[in-house]
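Following: one structure in structure tokens, then a few remarks.
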Amino acid sequence: MDINGLLADVAAPVRRWKIWFLMANQDISLRYRRSVLGPIWISLAMASLVLGLSILYSEVFRVDFHDYIVYIGCGFLAWFLIAGMISEGAMAVIEAEGQLRSLPLPIPLLVTRVVYRNLIMFVHNLVVVGILLVIMNFRPGWEALLAIPALVLYAITGLLLGVILAPIAARFRDVPQVLTNILQIMFFLTPLFWLPSQTSDRRFFVDANPFYHLVELIRGPLLGETPALLSWGFTLLSILVLGLLAFWTLAVSRRRVFLWL
Amino acid sequence: MARVLFDNVSFDYPIFGIKSRSFKVTLMRSLPLGSRLSGEGIVHVEALRDVSFDAQPGDRLGLIGHNGAGKSTTLRLIAGLAYPTKGNIEVKGRIVPLIEKGLGINQELSGRDNIELPLRLLGATSAEVKRAMVEIPEFTGLGEFIDVPVRAYSEGMKTRLAFAVSTFLEADVLVLDEWLGAGDIDFQEKAERRLTTMLAKTGVVVVTSHSMHLIRKVCTHCIWFHQGRVRMEGHPDEVTAAYEEHSLEEAAAMAAAREAAQ
């Protein structure tokens with residue numbers, strides 16, 4: 001195995017940061033160029049989904065509207081960041097196909113572009129949904145600052161998942177579609193618009209769900225709660241496992257990606 | 001120090017059928033009874049077999065041969081896009097691969113915005129990018145168009161921009177798939193001059209071309225690829241002459257076969 005090449009690939013996002021930074025900024029500026037509000041449309045769509053769901057489901061579940069909209073809003077902010085990093089992360093190699101035919105670009109570099117792009121999108125969502133929630137009388141406390149280290153864990157998770165998924169998706173072209181299906185299912189299985197406390201006998205469904213723990217790390221602090229130790233632990237453990245998997249995937253795929261384009 | 005060394009290099013690559021590109025089909029196949037699923041598998045193609053050469057500073061290596069003979073594969077191996085199945089490759093110095101046209105040029109962005117990314121992808125330093133931001137708009141003579149999206153450019157303007165970006169960096173090893181086009185006539189002379197200065201500073205040039213005239217004019221050494229192997233190598237005059245003769249013979253043989261079939 002070519003250890004030096006592998007390490008150079010891992011270090012590429014740091015050593016050649018200008019490339020992903022430039023690519024991601026261009027991606028975003030292109031979205032702005034295509035329509036007046038650009039990515040803000042997506043944030044507005046999300047805000048209206050949050051508002052609509054809250055009006056309806058606070059009635060269905062018979063919970064307080066104001067508590068509920070804040071719960072859904074913060075949960076969706078976290079979820080759409082995770083889902084975006086996964087579905088776009090899987091496309092990281094495929095979307096750079098044109099460039100990869102001409103130049104060798106390390107996979108981690110391409111994935112960093114996607115993760116950074118999604119963090120910018122997250123900030124958009126945060127502002128738009130944040131305004132909605134503040135109108136709805138949302139007052140985050142100091143605990144909200146815990147969302148910052150959580151975001152770092154998100155970025156790491158996103159990078160690792162991307163490094164695992166992007167080459168697989170280049171080799172097997174139906175993987176992005178399979179991922180979309182999985183994310184759709186997880187959207188309903190993860191407590192996003194329903195509360196974990198609404199499950200009593202099947203609590204396992206919630207606790208064994210890595211998406212739940214990830215979401216909790218951001219939603220908890222925003223709602224003024226300190227996330228459970230279990231959620232931090234679960235996420236750190238996932239990162240460890242994903243890290244090993246990512247290293248292995250990179251070692252196997254870095255010399256072959258070219259053949260899969 | 002520039003160098004490109006190929007030591008007994010062989011390269012096989014897989015061609016995937018549609019079904020072998022499907023995760024779901026591959027998964028089903030790995031299940032018991034799944035192998036009964038029909039469908040095309042993976043075919044391996046031998047693209048290069050036992051190719052050796054050594055290009056030193058000052059060498060201009062021309063690669064000729066029919067399509068699919070292994071010229072482009074050789075370029076991609078030099079560029080580090082693909083890795084040899086057998087044998088060893090050593091490339092020393094800064095490689096600038098110009099294999100696909102319009103590398104990283106985004107039609108929606110302005111000419112100016114299309115300078116930095118391609119250069120960074122090719123490995124430019126910040127100092128080089130800074131210089132390019134001044135020199136390229138000037139050299140291309142695009143004027144106000146430099147701030148207009150490339151999609152609005154004429155073909156000539158696009159070529160000029162691509163040419164200017166491609167020839168900006170000084171390389172130790174320059175890898176070229178076909179010669180760089182310069183576009184419209186009034187630009188050609190300027191482009192020619194720039195290309196000459198650039199090549200003078202380049203250590204090793206490896207170029208593929210279908211133009212024997214160009215190979216004779218530019219190269220110091222020529223390799224003729226035939227079905228993934230080196231069929232002949234040596235002085236460009238001799239190799240291109242032999243290749244042209246062979247191509248004529250082939251054409252004549254094909255014409256004869258067609259006549260016989262009628």
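If you're wondering about the labels, chains in the structure tokens are A, B, ... by order shown, residues count from 1 in each chain, ligands from 1 in order shown.
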Each chain A residue no farther than 10 Å from chain B, nearest pair in Å, only C-alpha atoms, as a tab-separated table:
```
residue	atom	partner	partner_atom	distance
A:Arg16	CA	B:Arg120	CA	8.7
A:Lys18	CA	B:Arg120	CA	7.7
A:Ile19	CA	B:Arg120	CA	6.3
A:Trp20	CA	B:Leu117	CA	9.6
A:Leu22	CA	B:Leu117	CA	6.8
A:Met23	CA	B:Leu117	CA	7.4
A:Gln26	CA	B:Leu109	CA	8.4
A:Ser29	CA	B:Leu109	CA	9.2
A:Leu30	CA	B:Glu108	CA	7.4
A:Arg33	CA	B:Glu108	CA	8.5
A:Arg34	CA	B:Glu108	CA	9.3
A:Ala96	CA	B:Gly104	CA	9.1
A:Gly98	CA	B:Gly104	CA	7.4
A:Gln99	CA	B:Gly104	CA	6.0
A:Leu100	CA	B:Leu81	CA	7.7
A:Arg101	CA	B:Glu100	CA	7.1
A:Ser102	CA	B:Ile99	CA	5.3
A:Leu103	CA	B:Leu81	CA	6.3
A:Pro104	CA	B:Leu81	CA	5.0
A:Leu105	CA	B:Leu121	CA	8.1
A:Ile168	CA	B:Phe23	CA	8.9
A:Ala169	CA	B:Phe23	CA	8.7
A:Ala170	CA	B:Arg21	CA	8.8
A:Arg171	CA	B:Arg21	CA	6.2
A:Phe172	CA	B:Arg21	CA	4.6
A:Arg173	CA	B:Arg21	CA	5.8
A:Asp174	CA	B:Ser22	CA	5.6
A:Val175	CA	B:Phe23	CA	6.3
A:Val178	CA	B:Lys24	CA	8.6
A:Arg254	CA	B:Ala82	CA	9.7
A:Arg255	CA	B:Tyr83	CA	6.4
A:Arg256	CA	B:Ala82	CA	7.2
A:Val257	CA	B:Ala82	CA	8.5
A:Phe258	CA	B:Ala82	CA	6.2
A:Leu259	CA	B:Tyr13	CA	6.9
A:Trp260	CA	B:Phe16	CA	8.3
```
Exercise: Ala200 of chain B partners within 10 Å, only C-alpha atoms, chain neighbours under 6 positions left out, as number ranges by chain: B: 58, 170, 194
File of the preceding selection, N, CA and C atoms, as a PDB file, in the first residue's frame:
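Wrote result_28.pdb, looks like this:
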```pdb
ATOM      1  N   GLY B  58      14.825  18.578 -21.810  1.00  0.00           N
ATOM      2  CA  GLY B  58      15.113  18.907 -23.203  1.00  0.00           C
ATOM      3  C   GLY B  58      14.424  17.969 -24.181  1.00  0.00           C
ATOM      4  N   GLU B 170       4.568  27.571 -15.668  1.00  0.00           N
ATOM      5  CA  GLU B 170       5.800  26.956 -16.144  1.00  0.00           C
ATOM      6  C   GLU B 170       5.875  25.553 -15.569  1.00  0.00           C
ATOM      7  N   ARG B 194       3.973  32.899 -27.547  1.00  0.00           N
ATOM      8  CA  ARG B 194       3.870  32.528 -26.138  1.00  0.00           C
ATOM      9  C   ARG B 194       4.197  31.053 -25.927  1.00  0.00           C
TER      10      ARG B 194
END
```
Nearest-residue call for Trp79 of chain A, choices A:Val127, A:Met46, A:Ile239, A:Ile148, using only C-alpha atoms: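 Ranked by minimum distance to Trp79 of chain A, first place goes to A:Met46.
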Set the distance at 12 Å and use only C-alpha atoms: which residues neighbour segment 244-261 of chain B once local chain neighbours fewer than 2 positions away are removed? I'd like the list as a list of chain:residue names. B:Ile64, B:Gly65, B:His66, B:His210, B:Ser211, B:Met212, B:His213, B:Trp224, B:His226, B:Arg231, B:Met232, B:Pro236, B:Asp237, B:Glu238, B:Val239, B:Thr240, B:Ala241, B:Ala242
Mind checking which residues fall within 9 Å of Val51 of chain B, counting only C-alpha atoms, ignoring those fewer than 3 positions away in the same chain, and posting them as a ChimeraX atom specification? /B:6-10,48,87,228-230
